[in-house]
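*Asks:* coords_12.csv is reproduced in full below (CSV, C-alpha atoms and all ligand atoms).
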```
chain,number,residue,atom,x,y,z
A,1,MET,CA,-58.2,56.0,-75.4
A,2,THR,CA,-54.6,57.1,-75.8
A,3,ALA,CA,-52.0,55.3,-73.8
A,4,GLN,CA,-49.6,57.0,-71.5
A,5,LEU,CA,-46.0,56.7,-72.7
A,6,ILE,CA,-43.5,55.0,-70.4
A,7,SER,CA,-40.3,56.7,-71.3
A,8,GLY,CA,-37.2,54.5,-70.9
A,9,THR,CA,-35.1,57.6,-71.7
A,10,LEU,CA,-36.5,59.6,-68.8
A,11,LEU,CA,-36.4,56.7,-66.3
A,12,SER,CA,-32.9,55.9,-67.3
A,13,GLN,CA,-31.8,59.5,-66.7
A,14,GLN,CA,-33.3,59.3,-63.2
A,15,LEU,CA,-31.7,55.9,-62.4
A,16,ARG,CA,-28.4,57.1,-63.7
A,17,VAL,CA,-28.4,60.0,-61.3
A,18,ASP,CA,-28.7,57.5,-58.5
A,19,VAL,CA,-25.9,55.3,-60.0
A,20,ALA,CA,-23.6,58.3,-60.3
A,21,GLN,CA,-24.2,59.3,-56.6
A,22,ARG,CA,-23.5,55.7,-55.5
A,23,ALA,CA,-20.4,55.5,-57.7
A,24,ALA,CA,-19.1,58.8,-56.2
A,25,ALA,CA,-19.7,57.5,-52.7
A,26,LEU,CA,-17.7,54.3,-53.4
A,27,THR,CA,-15.0,56.3,-55.1
A,28,ALA,CA,-14.7,58.6,-52.1
A,29,LYS,CA,-14.0,55.4,-50.0
A,30,GLY,CA,-11.3,54.4,-52.5
A,31,LYS,CA,-13.5,51.7,-54.1
A,32,GLN,CA,-14.4,53.1,-57.5
A,33,PRO,CA,-16.7,50.6,-59.2
A,34,GLY,CA,-15.1,49.0,-62.3
A,35,LEU,CA,-16.7,47.2,-65.3
A,36,ALA,CA,-14.6,45.1,-67.7
A,37,VAL,CA,-16.0,45.1,-71.3
A,38,ILE,CA,-14.6,42.5,-73.7
A,39,LEU,CA,-15.2,42.6,-77.4
A,40,VAL,CA,-13.8,39.9,-79.7
A,41,GLY,CA,-13.9,40.6,-83.4
A,42,GLU,CA,-15.3,43.3,-85.6
A,43,ASP,CA,-19.1,42.9,-85.6
A,44,PRO,CA,-20.3,46.5,-86.3
A,45,ALA,CA,-23.5,46.3,-84.1
A,46,SER,CA,-21.4,44.9,-81.2
A,47,GLN,CA,-18.9,47.8,-81.6
A,48,VAL,CA,-21.8,50.3,-81.2
A,49,TYR,CA,-23.2,48.5,-78.2
A,50,VAL,CA,-19.8,48.3,-76.5
A,51,ARG,CA,-19.1,52.0,-77.2
A,52,ASN,CA,-22.5,52.9,-75.6
A,53,LYS,CA,-21.7,50.8,-72.5
A,54,VAL,CA,-18.3,52.3,-72.1
A,55,LYS,CA,-19.7,55.9,-72.5
A,56,ALA,CA,-22.5,55.2,-70.0
A,57,CYS,CA,-19.8,54.1,-67.5
A,58,ALA,CA,-17.8,57.3,-68.1
A,59,ASP,CA,-20.9,59.4,-67.7
A,60,THR,CA,-21.7,57.9,-64.3
A,61,GLY,CA,-18.3,57.6,-62.7
A,62,ILE,CA,-17.8,53.9,-63.2
A,63,ARG,CA,-14.3,52.9,-64.4
A,64,SER,CA,-14.5,50.8,-67.5
A,65,VAL,CA,-11.8,48.5,-68.7
A,66,PHE,CA,-12.3,48.0,-72.4
A,67,GLU,CA,-10.5,45.2,-74.0
A,68,LYS,CA,-10.8,44.5,-77.8
A,69,TYR,CA,-9.4,41.4,-79.4
A,70,GLU,CA,-8.9,40.1,-82.9
A,71,ALA,CA,-11.6,37.6,-84.1
A,72,THR,CA,-8.9,34.9,-84.2
A,73,LEU,CA,-8.3,35.1,-80.4
A,74,PRO,CA,-8.0,31.5,-79.1
A,75,GLU,CA,-10.8,30.4,-76.7
A,76,ALA,CA,-8.2,29.4,-74.1
A,77,GLN,CA,-6.7,32.9,-74.1
A,78,LEU,CA,-10.1,34.5,-73.6
A,79,LEU,CA,-10.8,32.1,-70.7
A,80,ALA,CA,-7.5,33.0,-69.1
A,81,ARG,CA,-8.2,36.7,-69.4
A,82,ILE,CA,-11.6,36.2,-67.7
A,83,GLU,CA,-9.9,34.3,-64.9
A,84,ALA,CA,-7.5,37.2,-64.4
A,85,LEU,CA,-10.4,39.7,-64.3
A,86,ASN,CA,-12.3,37.4,-61.8
A,87,ASN,CA,-9.3,37.8,-59.5
A,88,ASP,CA,-8.8,41.5,-60.0
A,89,PRO,CA,-10.4,43.3,-57.0
A,90,SER,CA,-10.7,46.6,-58.9
A,91,VAL,CA,-13.1,44.9,-61.4
A,92,HIS,CA,-16.7,44.4,-60.1
A,93,GLY,CA,-18.4,43.4,-63.3
A,94,ILE,CA,-17.3,41.5,-66.4
A,95,LEU,CA,-19.2,41.7,-69.7
A,96,VAL,CA,-18.3,39.7,-72.8
A,97,GLN,CA,-20.2,41.2,-75.8
A,98,MET,CA,-22.1,38.6,-77.8
A,99,PRO,CA,-22.0,37.2,-80.4
A,100,LEU,CA,-18.6,35.6,-80.2
A,101,PRO,CA,-16.7,34.2,-83.2
A,102,LYS,CA,-17.8,30.6,-84.1
A,103,HIS,CA,-14.7,28.9,-82.7
A,104,ILE,CA,-15.5,30.2,-79.2
A,105,ASP,CA,-18.1,28.5,-77.1
A,106,PRO,CA,-20.3,31.3,-75.5
A,107,GLN,CA,-21.6,29.0,-72.7
A,108,LYS,CA,-18.0,28.2,-71.7
A,109,VAL,CA,-17.1,31.9,-71.7
A,110,ILE,CA,-20.1,33.0,-69.8
A,111,GLY,CA,-19.7,30.1,-67.4
A,112,ALA,CA,-16.1,31.2,-66.7
A,113,ILE,CA,-17.2,34.6,-65.4
A,114,SER,CA,-17.4,34.6,-61.6
A,115,THR,CA,-21.1,34.7,-60.5
A,116,ALA,CA,-20.1,37.6,-58.2
A,117,LYS,CA,-19.2,39.6,-61.3
A,118,ASP,CA,-21.8,38.3,-63.8
A,119,VAL,CA,-23.5,41.7,-64.1
A,120,ASP,CA,-25.1,40.7,-67.4
A,121,GLY,CA,-26.9,37.9,-65.4
A,122,TYR,CA,-26.5,35.4,-68.3
A,123,SER,CA,-24.7,32.6,-66.6
A,124,VAL,CA,-26.4,29.3,-65.7
A,125,LEU,CA,-25.7,30.0,-62.0
A,126,SER,CA,-27.3,33.5,-62.2
A,127,ALA,CA,-30.3,31.9,-64.0
A,128,GLY,CA,-30.5,29.4,-61.2
A,129,GLU,CA,-30.5,32.1,-58.6
A,130,LEU,CA,-33.3,33.8,-60.4
A,131,LEU,CA,-35.3,30.6,-60.7
A,132,ALA,CA,-34.7,29.8,-56.9
A,133,GLY,CA,-35.6,33.4,-55.9
A,134,LEU,CA,-32.2,34.0,-54.5
A,135,PRO,CA,-30.4,37.3,-54.7
A,136,GLY,CA,-28.2,37.6,-57.7
A,137,PHE,CA,-27.8,39.6,-60.9
A,138,ARG,CA,-30.9,39.8,-63.1
A,139,PRO,CA,-30.4,39.9,-66.9
A,140,CYS,CA,-30.4,43.6,-67.8
A,141,THR,CA,-33.2,43.7,-70.4
A,142,PRO,CA,-36.0,42.0,-68.3
A,143,TYR,CA,-34.8,43.8,-65.2
A,144,GLY,CA,-35.2,47.1,-67.1
A,145,CYS,CA,-38.7,46.0,-68.2
A,146,MET,CA,-39.7,45.4,-64.6
A,147,LYS,CA,-38.4,48.9,-63.7
A,148,LEU,CA,-40.5,50.4,-66.5
A,149,ILE,CA,-43.6,48.6,-65.2
A,150,GLU,CA,-42.9,49.6,-61.6
A,151,SER,CA,-42.5,53.3,-62.7
A,152,THR,CA,-46.2,53.3,-63.6
A,153,GLY,CA,-47.1,52.5,-59.9
A,154,TYR,CA,-49.0,49.4,-61.1
A,155,ASN,CA,-49.3,46.5,-58.7
A,156,LEU,CA,-48.7,43.2,-60.5
A,157,ARG,CA,-50.0,41.0,-57.7
A,158,GLY,CA,-52.8,38.8,-59.1
A,159,LYS,CA,-52.6,40.4,-62.5
A,160,HIS,CA,-52.2,38.4,-65.7
A,161,ALA,CA,-48.9,39.0,-67.6
A,162,VAL,CA,-48.3,37.5,-71.0
A,163,VAL,CA,-44.7,37.4,-72.3
A,164,ILE,CA,-44.2,36.8,-76.0
A,165,GLY,CA,-40.9,35.1,-76.5
A,166,ARG,CA,-38.9,32.5,-74.5
A,167,SER,CA,-35.3,33.3,-75.1
A,168,ASN,CA,-32.8,32.6,-72.2
A,169,THR,CA,-31.8,36.3,-72.2
A,170,VAL,CA,-35.2,38.0,-72.3
A,171,GLY,CA,-38.5,35.9,-72.4
A,172,LYS,CA,-37.7,33.3,-69.8
A,173,PRO,CA,-36.2,35.6,-67.2
A,174,MET,CA,-39.0,38.1,-67.8
A,175,GLY,CA,-41.5,35.4,-67.0
A,176,LEU,CA,-39.7,34.6,-63.8
A,177,LEU,CA,-39.4,38.2,-62.7
A,178,LEU,CA,-43.2,38.8,-63.3
A,179,LEU,CA,-43.9,35.6,-61.3
A,180,GLN,CA,-41.7,36.9,-58.5
A,181,ALA,CA,-43.9,40.0,-58.5
A,182,ASN,CA,-46.9,37.8,-58.0
A,183,ALA,CA,-48.4,38.0,-61.5
A,184,THR,CA,-50.0,35.0,-63.1
A,185,VAL,CA,-47.7,34.4,-66.1
A,186,THR,CA,-48.2,33.0,-69.5
A,187,ILE,CA,-45.2,32.6,-71.9
A,188,CYS,CA,-46.0,32.4,-75.6
A,189,HIS,CA,-43.6,31.4,-78.4
A,190,SER,CA,-43.5,30.4,-82.0
A,191,ALA,CA,-45.5,27.2,-81.4
A,192,THR,CA,-48.4,29.1,-79.7
A,193,PRO,CA,-51.3,28.6,-82.0
A,194,ASP,CA,-53.4,31.7,-81.2
A,195,LEU,CA,-51.3,34.4,-79.7
A,196,GLY,CA,-54.2,36.9,-79.6
A,197,TYR,CA,-56.3,34.5,-77.4
A,198,HIS,CA,-53.6,34.9,-74.7
A,199,THR,CA,-52.7,38.6,-75.1
A,200,ARG,CA,-56.4,39.7,-75.1
A,201,GLN,CA,-56.6,38.4,-71.5
A,202,ALA,CA,-53.4,40.1,-70.4
A,203,ASP,CA,-53.2,43.1,-68.0
A,204,VAL,CA,-49.5,43.3,-69.0
A,205,VAL,CA,-47.9,42.2,-72.3
A,206,VAL,CA,-44.2,42.0,-72.9
A,207,ALA,CA,-43.3,41.5,-76.5
A,208,ALA,CA,-39.8,40.1,-77.1
A,209,VAL,CA,-39.9,38.4,-80.5
A,210,GLY,CA,-37.9,40.3,-83.1
A,211,ARG,CA,-40.7,40.6,-85.6
A,212,ARG,CA,-42.6,43.9,-86.2
A,213,ASN,CA,-46.4,44.1,-85.9
A,214,THR,CA,-46.4,40.9,-83.8
A,215,LEU,CA,-48.8,42.6,-81.4
A,216,THR,CA,-51.6,44.5,-83.1
A,217,ALA,CA,-54.5,46.6,-81.5
A,218,ASP,CA,-57.1,43.8,-81.8
A,219,MET,CA,-54.8,41.6,-79.6
A,220,VAL,CA,-54.7,44.1,-76.7
A,221,LYS,CA,-57.1,44.4,-73.7
A,222,PRO,CA,-58.2,48.0,-73.2
A,223,GLY,CA,-56.0,49.7,-70.6
A,224,ALA,CA,-53.3,47.0,-70.6
A,225,ILE,CA,-49.6,47.8,-70.0
A,226,VAL,CA,-47.6,47.1,-73.2
A,227,ILE,CA,-43.8,46.7,-73.0
A,228,ASP,CA,-42.0,46.4,-76.4
A,229,VAL,CA,-38.6,44.8,-76.3
A,230,GLY,CA,-38.3,44.2,-80.0
A,231,MET,CA,-35.7,45.9,-82.2
A,232,ASN,CA,-36.6,45.7,-85.8
A,233,ARG,CA,-36.4,47.9,-88.9
A,234,ASP,CA,-39.5,49.2,-90.8
A,235,ASP,CA,-39.8,49.5,-94.6
A,236,GLU,CA,-38.0,52.9,-94.4
A,237,GLY,CA,-35.2,51.4,-92.4
A,238,LYS,CA,-36.3,53.1,-89.2
A,239,LEU,CA,-36.0,51.4,-85.8
A,240,CYS,CA,-39.3,49.9,-84.6
A,241,GLY,CA,-40.4,47.3,-82.1
A,242,ASP,CA,-42.6,44.2,-82.1
A,243,VAL,CA,-45.8,46.3,-81.4
A,244,ASP,CA,-47.9,48.1,-83.9
A,245,PHE,CA,-47.3,51.3,-81.9
A,246,ALA,CA,-49.6,53.7,-83.8
A,247,ASN,CA,-52.7,51.5,-83.3
A,248,VAL,CA,-51.9,49.8,-80.0
A,249,LYS,CA,-51.4,53.1,-78.2
A,250,GLU,CA,-55.1,53.8,-78.9
A,251,VAL,CA,-56.1,50.7,-76.9
A,252,ALA,CA,-53.4,50.3,-74.2
A,253,GLY,CA,-53.2,52.1,-70.9
A,254,TYR,CA,-49.4,52.4,-70.9
A,255,ILE,CA,-46.9,51.7,-73.7
A,256,THR,CA,-43.2,51.9,-74.2
A,257,PRO,CA,-41.9,53.5,-77.5
A,258,VAL,CA,-39.2,52.1,-79.7
A,259,PRO,CA,-36.7,53.8,-79.7
A,260,GLY,CA,-36.6,55.3,-76.2
A,261,GLY,CA,-38.3,52.5,-74.2
A,262,VAL,CA,-36.6,49.3,-73.2
A,263,GLY,CA,-33.3,50.0,-75.1
A,264,PRO,CA,-31.9,52.7,-72.8
A,265,MET,CA,-33.0,50.7,-69.7
A,266,THR,CA,-30.8,47.7,-70.7
A,267,ILE,CA,-27.6,49.7,-70.4
A,268,THR,CA,-28.9,51.4,-67.3
A,269,MET,CA,-29.5,48.1,-65.5
A,270,LEU,CA,-26.0,47.0,-66.4
A,271,LEU,CA,-24.7,50.1,-64.5
A,272,VAL,CA,-27.1,49.3,-61.6
A,273,ASN,CA,-25.8,45.7,-61.4
A,274,THR,CA,-22.2,46.9,-61.5
A,275,ILE,CA,-22.8,49.3,-58.6
A,276,GLU,CA,-24.6,46.6,-56.6
A,277,SER,CA,-21.6,44.3,-57.2
A,278,ALA,CA,-19.2,47.0,-56.0
A,279,GLU,CA,-21.3,47.8,-52.9
A,280,ARG,CA,-21.6,44.1,-52.0
A,281,ARG,CA,-17.8,43.7,-51.9
B,301,LIG,P1,-34.7,35.4,-79.8
B,301,LIG,O1,-33.7,34.7,-79.0
B,301,LIG,O2,-34.7,35.3,-81.3
B,301,LIG,O3,-36.2,34.9,-79.3
B,301,LIG,C1,-37.3,35.3,-80.0
B,301,LIG,C2,-38.5,34.6,-79.3
B,301,LIG,O4,-39.7,34.9,-80.0
B,301,LIG,C3,-38.4,33.0,-79.4
B,301,LIG,O5,-38.7,32.5,-78.1
B,301,LIG,C4,-39.4,32.7,-80.4
B,301,LIG,O6,-40.1,31.4,-80.2
B,301,LIG,C5,-40.5,33.8,-80.3
B,301,LIG,N1,-41.2,33.9,-81.5
B,301,LIG,C6,-40.8,34.0,-82.8
B,301,LIG,N2,-41.8,34.1,-83.6
B,301,LIG,C7,-42.9,34.2,-82.9
B,301,LIG,C8,-44.3,34.3,-83.2
B,301,LIG,N3,-44.8,34.4,-84.4
B,301,LIG,N4,-45.2,34.3,-82.1
B,301,LIG,C9,-44.8,34.1,-80.9
B,301,LIG,N5,-43.5,34.0,-80.5
B,301,LIG,C10,-42.6,34.0,-81.5
B,301,LIG,O7,-34.7,36.9,-79.5
B,301,LIG,P2,-34.4,37.7,-78.1
B,301,LIG,O8,-32.9,37.7,-78.0
B,301,LIG,O9,-35.2,37.2,-77.0
B,301,LIG,O10,-34.8,39.2,-78.6
B,301,LIG,C11,-36.2,39.5,-79.0
B,301,LIG,C12,-36.2,40.9,-79.5
B,301,LIG,O11,-35.8,41.8,-78.5
B,301,LIG,C13,-35.3,41.1,-80.7
B,301,LIG,O12,-35.9,42.0,-81.6
B,301,LIG,C14,-34.0,41.7,-80.1
B,301,LIG,O13,-33.3,42.5,-81.0
B,301,LIG,C15,-34.7,42.6,-79.0
B,301,LIG,N6,-33.9,42.8,-77.8
B,301,LIG,C16,-33.8,44.1,-77.5
B,301,LIG,C17,-33.1,44.5,-76.4
B,301,LIG,C18,-33.1,45.9,-75.9
B,301,LIG,O14,-32.2,46.3,-75.2
B,301,LIG,N7,-34.0,46.7,-76.4
B,301,LIG,C19,-32.3,43.5,-75.7
B,301,LIG,C20,-32.4,42.2,-76.1
B,301,LIG,C21,-33.2,41.9,-77.2
B,301,LIG,P3,-39.3,30.0,-80.2
B,301,LIG,O15,-38.5,29.9,-78.9
B,301,LIG,O16,-40.4,29.0,-80.3
B,301,LIG,O17,-38.4,30.0,-81.4
```
What's the C-alpha cells form of this structure?
*Replies:*
Amino acid sequence: MTAQLISGTLLSQQLRVDVAQRAAALTAKGKQPGLAVILVGEDPASQVYVRNKVKACADTGIRSVFEKYEATLPEAQLLARIEALNNDPSVHGILVQMPLPKHIDPQKVIGAISTAKDVDGYSVLSAGELLAGLPGFRPCTPYGCMKLIESTGYNLRGKHAVVIGRSNTVGKPMGLLLLQANATVTICHSATPDLGYHTRQADVVVAAVGRRNTLTADMVKPGAIVIDVGMNRDDEGKLCGDVDFANVKEVAGYITPVPGGVGPMTITMLLVNTIESAERR
C-alpha cells in the first residue's frame, strides 16, 4: 500500500485564499488586521522564521509591524513595548519570536501579551482555555496538524490517536485538540518504554520529537494517518522529519511530507488566528 500524501503546501494555499478574502473585507471596513512581530537578538533561524511570517502577512493583506531589537534589550523595556501593543487597537495579534536572550524570562514575556492578542496561543491563559474547552487561540502547529487531519475527511470520533512528544507548544496541546475531536488519546514521551507498542494500535500518529527515524514502518498500523511535525537534518544536511518517510508511506493510509507538510501550516494558522482576532474586535 502506498499512502496518500497530505500536502500542507496545498492546504496552506487554500486557507490563505480565505485569509486574504477575510482580510480584504475587514480592510474595506477600515479595520485592516494587524500583527506585531517582535525579534530580539540575531539568532539566524529566528530571522528566517520572522521574515517568512512578515512575508505571509504581506501576501494576504495583513499589516505587519516588525520590530527588531538588540540582544541586550532590557526585559522591562520589552514588557513595556508589549503593554503598548496590547493597548494599540490597530494591532490584533502579538508574536514574540522564541528563543529570547537568556536575561529575558520567556514566561513573563508571553504572560504579558493580552490573551485577546495571543495569536501564538502560548500563554498559560490560552493553554487554560484549551484545557477547559473554551474558545481561544490554539497553538499554531497543533492547530495546523488538526487541519491536515480534517482535510482527509477522516472522523476522529472513537479513534485511537497517539502523540509522540509532550512539549507545551506541540505535544500537549495536540493531545488536547485530538481529545476535543473525540479521539482516544495516548501521549508518549522519552520515558515511554515501548513506543511501538502504542503506535501500532494507533489510527492516527502525530510525531513531534525532533529525532529522525523515531517512527519506522514496523511501528505503524496499516492504513493509519501519520502526521510528521519533526524538523531535523539527514546525513546530507537535507530537511527531514521524525518519520522514516520512505518506508512508512508503504504502510500508512495518509502521510505528511517534510518539507511541505506541517511547516507551512504553522504560519498559515498564525494568519488564521490573527484574522479571527481582528474579526472578534
Ligand atoms: P521538544 O520541546 O524538544 O519536545 C520533544 C518531545 O519529544 C519531548 O516531550 C520528549 O520527551 C519527546 N521525546 C524525545 N525523545 C523521545 C523518544 N525517544 N521517544 C519518545 N518521545 C521522545 O520539541 P518540540 O518543540 O515539541 O518540537 C518537536 C519537533 O517538532 C522538533 O523537531 C521541532 O523542530 C519540530 N517543530 C516543527 C514545527 C513546524 O512548524 N513544522 C513547529 C514546532 C516544532 P520528554 O518530555 O520526556 O523529554
*Asks:* Could you list, as a list of chain:residue names, all residues that come within 7 Å of ligand LIG 301 (chain B)? Count only C-alpha atoms and all ligand atoms.
*Replies:*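 With only C-alpha atoms and all ligand atoms and a cut-off of 7 Å, ligand LIG 301 (chain B) is contacted by A:Thr141, A:Ile164, A:Gly165, A:Arg166, A:Ser167, A:Thr169, A:Val170, A:Gly171, A:Cys188, A:His189, A:Ser190, A:Ala191, A:Thr192, A:Leu195, A:Ala208, A:Val209, A:Gly210, A:Arg211, A:Thr214, A:Val229, A:Gly230, A:Met231, A:Asn232, A:Gly241, A:Val262, A:Gly263, A:Pro264, A:Thr266.
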*Asks:* Give me a file of those residues, with C-alpha atoms, as an mmCIF file, in the frame of the given file.
*Replies:*
```cif
data_model
loop_
_atom_site.group_PDB
_atom_site.id
_atom_site.type_symbol
_atom_site.label_atom_id
_atom_site.label_comp_id
_atom_site.auth_asym_id
_atom_site.auth_seq_id
_atom_site.Cartn_x
_atom_site.Cartn_y
_atom_site.Cartn_z
ATOM 1 C CA THR A 141 -33.200 43.700 -70.400
ATOM 2 C CA ILE A 164 -44.200 36.800 -76.000
ATOM 3 C CA GLY A 165 -40.900 35.100 -76.500
ATOM 4 C CA ARG A 166 -38.900 32.500 -74.500
ATOM 5 C CA SER A 167 -35.300 33.300 -75.100
ATOM 6 C CA THR A 169 -31.800 36.300 -72.200
ATOM 7 C CA VAL A 170 -35.200 38.000 -72.300
ATOM 8 C CA GLY A 171 -38.500 35.900 -72.400
ATOM 9 C CA CYS A 188 -46.000 32.400 -75.600
ATOM 10 C CA HIS A 189 -43.600 31.400 -78.400
ATOM 11 C CA SER A 190 -43.500 30.400 -82.000
ATOM 12 C CA ALA A 191 -45.500 27.200 -81.400
ATOM 13 C CA THR A 192 -48.400 29.100 -79.700
ATOM 14 C CA LEU A 195 -51.300 34.400 -79.700
ATOM 15 C CA ALA A 208 -39.800 40.100 -77.100
ATOM 16 C CA VAL A 209 -39.900 38.400 -80.500
ATOM 17 C CA GLY A 210 -37.900 40.300 -83.100
ATOM 18 C CA ARG A 211 -40.700 40.600 -85.600
ATOM 19 C CA THR A 214 -46.400 40.900 -83.800
ATOM 20 C CA VAL A 229 -38.600 44.800 -76.300
ATOM 21 C CA GLY A 230 -38.300 44.200 -80.000
ATOM 22 C CA MET A 231 -35.700 45.900 -82.200
ATOM 23 C CA ASN A 232 -36.600 45.700 -85.800
ATOM 24 C CA GLY A 241 -40.400 47.300 -82.100
ATOM 25 C CA VAL A 262 -36.600 49.300 -73.200
ATOM 26 C CA GLY A 263 -33.300 50.000 -75.100
ATOM 27 C CA PRO A 264 -31.900 52.700 -72.800
ATOM 28 C CA THR A 266 -30.800 47.700 -70.700
#
```
*Asks:* Given the point (-10.6, 38.2, -64.7) in the coordinates of this file, which residues lie within 12 Å, counting all atoms listed in the file, and how would they look as an NGL selection string?
*Replies:* :A and (34-38 or 65 or 67 or 77-96 or 109-110 or 112-118)
*Asks:* Which residue gives the smallest distance to Cys140 (chain A) among A:Val119, A:Val17, A:Ala181, A:Val50, with all atoms listed in the file counted?
*Replies:*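 Answer, going by the shortest atom-to-atom distance: A:Val119.
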*Asks:* With all atoms listed in the file as the counted atoms, please give the residues lying no more than 7 Å from Val248 (chain A), apart from itself and same-chain residues fewer than 4 positions off, as an NGL selection string.
*Replies:* :A and (216-217 or 244 or 252)
*Asks:* CA of Ser7 (chain A) and CA of Val226 (chain A), how far apart in Å?
*Replies:* 12.2 Å
*Asks:* Restricting the calculation to all atoms listed in the file, which member of A:Arg63, A:Lys221, A:Arg157, A:Arg281 is positioned closest to Gly253 (chain A)?
*Replies:*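 For Gly253 (chain A), the nearest of the given residues is A:Lys221.
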*Asks:* Set the distance at 8 Å and use all atoms listed in the file: which residues neighbour Thr9 (chain A) once local chain neighbours fewer than 6 positions away are removed? I'd like the list as a list in words.
*Replies:* Gly260, Gly261, Pro264 and Met265 of chain A
*Asks:* Work out how far CA of Lys29 (chain A) is from CA of Val272 (chain A), in Å to one decimal.
*Replies:*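 Between CA of Val272 (chain A) and CA of Lys29 (chain A) the gap works out to 18.5 Å.
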*Asks:* Using only C-alpha atoms, which of the listed residues (A:Ala23, A:Ile6, A:Leu176, A:Phe66) sits closest to Glu150 (chain A)?
*Replies:* A:Ile6
*Asks:* In the coordinate frame of the file, compute which residues have an atom within 9 Å of (-54.2, 50.6, -80.5) when using all atoms listed in the file, and state them as a VMD selection string.
*Replies:* chain A and resid 1 to 3 216 to 218 220 222 244 to 252
